[in-house]
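Since the structure comes first, as structure tokens, the remarks are kept for the end.
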Amino acid sequence: MAYLLLKARKKIYHGTAKLFKTYAKSVTDHPGVYFIIGVLIAVLAFVGIPLVKIDDSLDTVWMEQNSRFVREQNIYIENFGSLPRLGVSAFSKRDGGNVITKQGLESIAETIKHLYAFDSPQSIRMTKMIDNEMITFGPDDFCERPILPDIYKTSDPTDPLSYVRRGAYQSWGYVELSKCLHKDIPTITPLPDGWGIDKTPCMRVTVLDCFKEGNVDYPDAMKTLEKTSTNIALLFMREKASDMAKANACLDTIETQMRNNMTSLGIEDAAYKAAKERFMLGKFTWMAFVAFGYHWRPSIKDFANDAELVEHVQLSLEAVNNTDYGIEKCLEKGLLGQEKPRCCMIWAGSDVGRELYLGKPILDETKPNKWVGISSVRNPVVAQPPDSPFWKAEMKERHGISDPAVLNQLILDWENNTIQYLKSLHYGSNGTGFHAGERFEGIKVDLHTDRSTGDMAVDAASPELHLLILGAALMILYSFVVMGSFSNKCINSNILTMFLGFVVSGMAVVGSTGIMGFMGFPTISLSVLVQLAGFILCLGNVYILMFTFNSRLDTDQTVETNMENIIEYAGHVTFVITATLLCGFLCGLYVPIPGFRSICIQMVAINFLSFLLLLFMFMPAMVWNCKRTQDNRMDCVPIKRQDGKPPKDTFLNQTKDLFKNYPTIKHSSTKQSLLSKFASSVYGPVILNKVVRIVIIGVFIVFFGCSAYATLELTSDGLMMSDVAKPGTYQSSFAKLNEKEYEMFSSYVVTRSRNYAKNQRRNMEIYDNLAKNDWLVKFPHPRAWDWLSDGMVTLTGFSNISQGVENAITKASFERRGASGSGAFLDDSLYRPDGMDTLQDQFLPYVLPKEPLLVSEFNDRMREWLPSMGSLSLPALSCIDPDNDIPVSCAAEGSVLVATRTAVYMKDLTTHDNILSAIASARSTVDDTSTSTFETFIYGFIFGFWGLYESLRQNFALLCGCILVGIVIPVTVLHCSLNAAFLIALCMVVGVFQVFGSFWVLGINFNGFSLVPLVLGIALVVQYSILVIHSFIGLVNDRKKRAKKTLAETFPAIFSAAFSLFLLIIPLAFTAIPFLRSYIALIFLSIAFCSVNIPLILLPCILSLMGPRNFDSGCEDGEDSESDADITPAFIPPLATDDFKQGGNQYTRLTLRGDNERQYDTPGAGGDSLEMATRDEV
């Protein structure tokens, strides 16, 4: 077996080398043709750049395909579209003090008026050309709004019966009731004919909801309703007998008119009964208050000072959990003027407000429970997802726009419009009110949108230009120095060629993006790190070629012979490196994560294009370099060559006196550079000393153990927003405030079933279980917000909260709260409360229906409920046509409910570990309720952004395993050596743990940003290790001396490539951007260290003990080798020096001279070589 492997290795090794020797002859004869082909290849790659698509969606880039999250995401998108796009503005005092002041609250109102007020001339607008038509868009076109119930819609004032046809019972009823009451009660302002609510306001929450000024962004119709409904509410609350009699008489008149109108249209009694109940149960307009109204909340002007404002907010929050201060007591005292009503958070049914929009309270040092201020407040607002079916239908109806691409762009443009406005406030631009000397000068505005996240990642990964220039200059300067001396004409040629090497590396990196475009693979924002990694890889190959060129160039030989000697070795090893990395990264495509695949594809493209450009551009340049050097020409001035001599009339000939004393350089391969001398004379003998080798291997074993422990146990996962944001930007300001002050994220409980009628009880049990979860906000009880809870309590058009308020008001007004009776509406067949006796204790803040609806009645009653107040739940419901499974509106006749969603709020999300624990806990809570016919899960932003870390390490391990397999295969094939493949794999594993383990030392977490440098670390260690092993295999002697020769051959190239990376990156260590310093500078410096110590310290020691055998060597293990003389390597790149005359070289290397012959090159003083016949056997 060993014989066969050695023979196969020889055939493959020599066969591949022969191909490059043949190529060397061809490129020497036609360098210009090859160079033009290389340029055309680069141009062709560049053409694909405009086709590149960038995908930074967290949900699609970093999530494992077919994972739980992706499957749940697909279900959610199929039924409800994408998640809404979140926008948040946050307010705080610039001096860090209390923001709940008149100035602070007024600044919030002013901002909301500009952002969300439909009817305000001050609200921001956007004009776009759509299909050759200029269309102006406003806030109502983009913010997510509740769907307007039919009972509130505008009726036609010219058609008295239009309210019946349209179902606008409440808007017509309010008009008639206000007119009737106004006759005897002048304080009640009558509503105009045709009054109705044409659209609902944006969905948003703010501390301003506790004040009357919270209606600043409400449509005019909503404000009109406030004025009228307030006085009607007072009428019933005060319970004056005369007023109550007039009110009841008016209601009787309206009821009679409603019956007559419906009879005239031939409406059947059942429909009339439903219409009557919808109106009569809303006669006090409580629903108008619950959904929209601010008419009994105190005005900011009602408070004497800022301390009272803070106290009001604190009392409102405390009232939520105060069972002695119920909703009806708050209503009574507030409406009757006995105290400033503090029901705003009870109305919301929860202390979600505290988590959503109130920051940390500032406590009184003398009274720990007393607030003296609040450090910040924020205003979350929900924007439409571009694929929302309701929004798409509305945009088509309002503006005739249906193209998904246009709609998506409009959303992004509007989001950018919002960002620009808020940025002007954040930076305090003149005229905004937030500038020095203006109305709100002490208030700071921070902002964040979904688009801000993408911008933040791009900004954070964009280093300062001067640091990049400095790093590039240092790298190029080092390459000039290490490649030659400015005192010698022939050496200057290397500088020009090396500079072209930088250009070729850059072209390969840029061109790889074009290849991605041609192939249709999207790139990610982290591509800039991938490109940096690819550039370093390309540069490593350039150094290999250039150092081989310098060490093997002999001016006594022909150009063709020189290029054969150079490309036979350097082209071969570059091919092996490229083939190995290509195979490794192609195997990495097996990992089912798009982000990983994007990285691997781009690395494949970079390596492939780099190899082509090296063949077709850089190697022709090396030919020209060789010709210029042999002609002893000044290379930095382009000169046409004629018969090996400059033409007579050239600039050089005219100024020959300037160069008459310039020496003619004899370039011989017997010279040594400083790096080669150091490697062969000092470094090699030291580390290959028998004792030192054992110590080095022992140290690496200990170091590996520590790195592995740090990787597996100490290094944390995750990435907080503040870690990424660039200091001084609005994103950084918001991220720090948000992480310091707020600890909550919203999510959705999603259920899916084809038979909700049978699964009602199970559906409600989910929310009972979630209410016991410590990671969820306790109030409201999740069931309180569920669509089914609304429908089960009453299908007359009221949510459970409004029904509870109606119960409480009815009890307070007609039963004097202490009485227990049947109640005004308890006999109604559609009304199923738990009972008035327990309502007072049970309502706060929710109603719990005990019995589900009858299965046989479920669908009919849901369709009856939806056109009225149930339409508010339409965005939370997904229905299909059972005949063809096509999605339809749930209000459509015959539709079947198949999926629902309900918002829940997760709290205490202060750390990465807390977030992962909350995700696991929430999932385990709902998983227990799933069956084969009823599926439930929780879906939201945090389940994507942080949920990926549940399997990120496992997938990274899979990626490393795939790359490892891909590397072992070509190394085994091209070198026919399992030993070599094992050593390459060992170096890769050690490198991964070294770089990963350094994260803990550097204070860096494992995430997508640190993953890319890890992949680069793999590539660099593999690249340099292959170079070392390839050189080792080609040498003939015992292992220790071959290892010493290998170090001398490879040390200059590996050290120079790693040192170039160090010089390029070191300026970034002084950047003002912490993210760049941590995730680019420090990690890449760790990689530079790793890429040197493994191939230049560990690997030579292992090779000297157990390296793979050479094809022709017969004495691998003993100290008696083929040559006992001191060995000096032949592959010696020159460092800048004027001393080119060195002693004889007693070196033996196997080279190719023909199909059936080999040559051992043993250069003497004259550079002669000894040719020996080849054995047919090993």
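Labels for the structure tokens follow display order: chains A, B, ..., residues from 1 in each chain, ligands from 1.
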What lies within 12 Å of Ile124 in chain A using only C-alpha atoms, ignoring chain neighbours under 4 positions off, as a ChimeraX atom specification? /A:111-120,136-142,414-422
Would you save the residues from that selection as a short mmCIF file (atom, residue, chain, number, x, y, z; two decimals), in the first residue's frame, using N, CA and C atoms?
```
data_model
loop_
_atom_site.label_atom_id
_atom_site.label_comp_id
_atom_site.auth_asym_id
_atom_site.auth_seq_id
_atom_site.Cartn_x
_atom_site.Cartn_y
_atom_site.Cartn_z
N THR A 111 -44.11 66.45 18.21
CA THR A 111 -43.51 65.45 17.32
C THR A 111 -44.57 64.52 16.75
N ILE A 112 -45.48 64.07 17.59
CA ILE A 112 -46.55 63.17 17.12
C ILE A 112 -47.41 63.87 16.07
N LYS A 113 -47.65 65.15 16.28
CA LYS A 113 -48.48 65.90 15.33
C LYS A 113 -47.83 65.91 13.95
N HIS A 114 -46.51 66.01 13.91
CA HIS A 114 -45.82 66.01 12.62
C HIS A 114 -45.76 64.62 12.01
N LEU A 115 -45.64 63.62 12.85
CA LEU A 115 -45.44 62.27 12.33
C LEU A 115 -46.74 61.56 11.95
N TYR A 116 -47.79 61.73 12.76
CA TYR A 116 -48.95 60.85 12.62
C TYR A 116 -50.28 61.56 12.46
N ALA A 117 -50.31 62.89 12.54
CA ALA A 117 -51.60 63.59 12.45
C ALA A 117 -52.06 63.65 11.00
N PHE A 118 -53.18 62.98 10.70
CA PHE A 118 -53.67 62.92 9.33
C PHE A 118 -54.10 64.29 8.82
N ASP A 119 -54.85 64.98 9.66
CA ASP A 119 -55.50 66.21 9.23
C ASP A 119 -54.67 67.46 9.48
N SER A 120 -53.50 67.30 10.07
CA SER A 120 -52.68 68.47 10.39
C SER A 120 -51.87 68.91 9.17
N THR A 136 -49.22 62.39 -3.65
CA THR A 136 -48.74 62.82 -2.34
C THR A 136 -49.24 61.85 -1.28
N PHE A 137 -48.31 61.35 -0.49
CA PHE A 137 -48.64 60.38 0.55
C PHE A 137 -48.48 61.04 1.92
N GLY A 138 -49.31 60.59 2.87
CA GLY A 138 -49.25 61.10 4.23
C GLY A 138 -49.14 59.98 5.24
N PRO A 139 -49.14 60.30 6.52
CA PRO A 139 -48.97 59.27 7.55
C PRO A 139 -50.03 58.18 7.48
N ASP A 140 -51.26 58.54 7.12
CA ASP A 140 -52.33 57.55 7.09
C ASP A 140 -52.13 56.51 5.99
N ASP A 141 -51.20 56.76 5.07
CA ASP A 141 -50.94 55.78 4.02
C ASP A 141 -49.99 54.68 4.48
N PHE A 142 -49.24 54.92 5.56
CA PHE A 142 -48.17 53.98 5.88
C PHE A 142 -48.26 53.39 7.29
N TRP A 414 -40.77 56.06 2.79
CA TRP A 414 -41.46 56.74 3.89
C TRP A 414 -40.68 56.57 5.19
N GLU A 415 -40.12 55.41 5.39
CA GLU A 415 -39.31 55.19 6.59
C GLU A 415 -38.10 56.12 6.59
N ASN A 416 -37.48 56.28 5.45
CA ASN A 416 -36.35 57.20 5.34
C ASN A 416 -36.80 58.64 5.56
N ASN A 417 -37.98 58.97 5.08
CA ASN A 417 -38.55 60.30 5.29
C ASN A 417 -38.73 60.57 6.79
N THR A 418 -39.22 59.56 7.50
CA THR A 418 -39.39 59.68 8.95
C THR A 418 -38.05 59.84 9.65
N ILE A 419 -37.07 59.06 9.22
CA ILE A 419 -35.74 59.14 9.83
C ILE A 419 -35.15 60.54 9.66
N GLN A 420 -35.30 61.10 8.46
CA GLN A 420 -34.73 62.43 8.21
C GLN A 420 -35.37 63.48 9.12
N TYR A 421 -36.68 63.36 9.31
CA TYR A 421 -37.35 64.32 10.20
C TYR A 421 -36.87 64.16 11.63
N LEU A 422 -36.83 62.93 12.12
CA LEU A 422 -36.43 62.72 13.50
C LEU A 422 -34.95 63.03 13.72
#
```
Could you list, with a cut-off of 8 Å and counting only C-alpha atoms, the residues of range 876-928 of chain A near range 756-774 of chain A, each shown with its nearest atom pair and the distance in Å rounded to one decimal, rows sorted by chain and ascending number, as JSON lines?
```
{"residue": "A:Leu897", "atom": "CA", "partner": "A:Tyr756", "partner_atom": "CA", "distance": 7.1}
{"residue": "A:Val898", "atom": "CA", "partner": "A:Tyr756", "partner_atom": "CA", "distance": 7.6}
{"residue": "A:Ser921", "atom": "CA", "partner": "A:Asn773", "partner_atom": "CA", "distance": 7.6}
{"residue": "A:Ala922", "atom": "CA", "partner": "A:Asn773", "partner_atom": "CA", "distance": 7.2}
{"residue": "A:Thr925", "atom": "CA", "partner": "A:Leu770", "partner_atom": "CA", "distance": 6.5}
{"residue": "A:Val926", "atom": "CA", "partner": "A:Ile766", "partner_atom": "CA", "distance": 6.3}
```
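Going from CA of Val591 in chain A to CA of Val1012 in chain A covers 14.7 Å.
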Given only C-alpha atoms as the basis, pick out the residue of A:Ile577, A:Ile963, A:Ile566, A:Leu615 nearest to Val27 in chain A.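 Between A:Ile577, A:Ile963, A:Ile566, A:Leu615, the residue approaching Val27 in chain A most closely is A:Leu615.
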Pick from A:Leu474, A:Leu161, A:Leu1016, A:Met619: nearest to Phe996 in chain A, with only C-alpha atoms counted?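 Ranking A:Leu474, A:Leu161, A:Leu1016, A:Met619 by distance to Phe996 in chain A, first place goes to A:Leu1016.
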All strand (DSSP E or B) residues (DSSP, backbone) inside range 383-620 of chain A, as JSON, numbers by chain: {"A": [383, 443, 444, 445, 446, 447, 448, 449, 523]}
Given only C-alpha atoms, how would the per-residue table for range 203-267 of chain A near range 83-89 of chain A read, listing every residue at most 12 Å away with its closest atom pair and distance in Å to one decimal, sorted by chain and number, as a Markdown table?
```
| residue | atom | partner | partner_atom | distance |
| --- | --- | --- | --- | --- |
| A:Met203 | CA | A:Leu86 | CA | 11.0 |
| A:Arg204 | CA | A:Val88 | CA | 9.5 |
| A:Val205 | CA | A:Val88 | CA | 10.1 |
| A:Thr206 | CA | A:Ser89 | CA | 9.9 |
```
Within 7 Å of range 188-199 of chain A, counting only C-alpha atoms, which residues qualify if same-chain residues fewer than 4 places away don't, as a PyMOL selection string? chain A and resi 148+152-157+171+175+178-179+181-182+221-222+228+231-232
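Neighbours of range 303-314 of chain A closer than or equal to 8 Å, with only C-alpha atoms counted and sequence neighbours fewer than 4 positions away skipped, come out as Ile100, Thr101, Lys102, Cys210, Ser299, Glu318, Arg342, Trp371, Val372, Gly373 and Ile374 of chain A.
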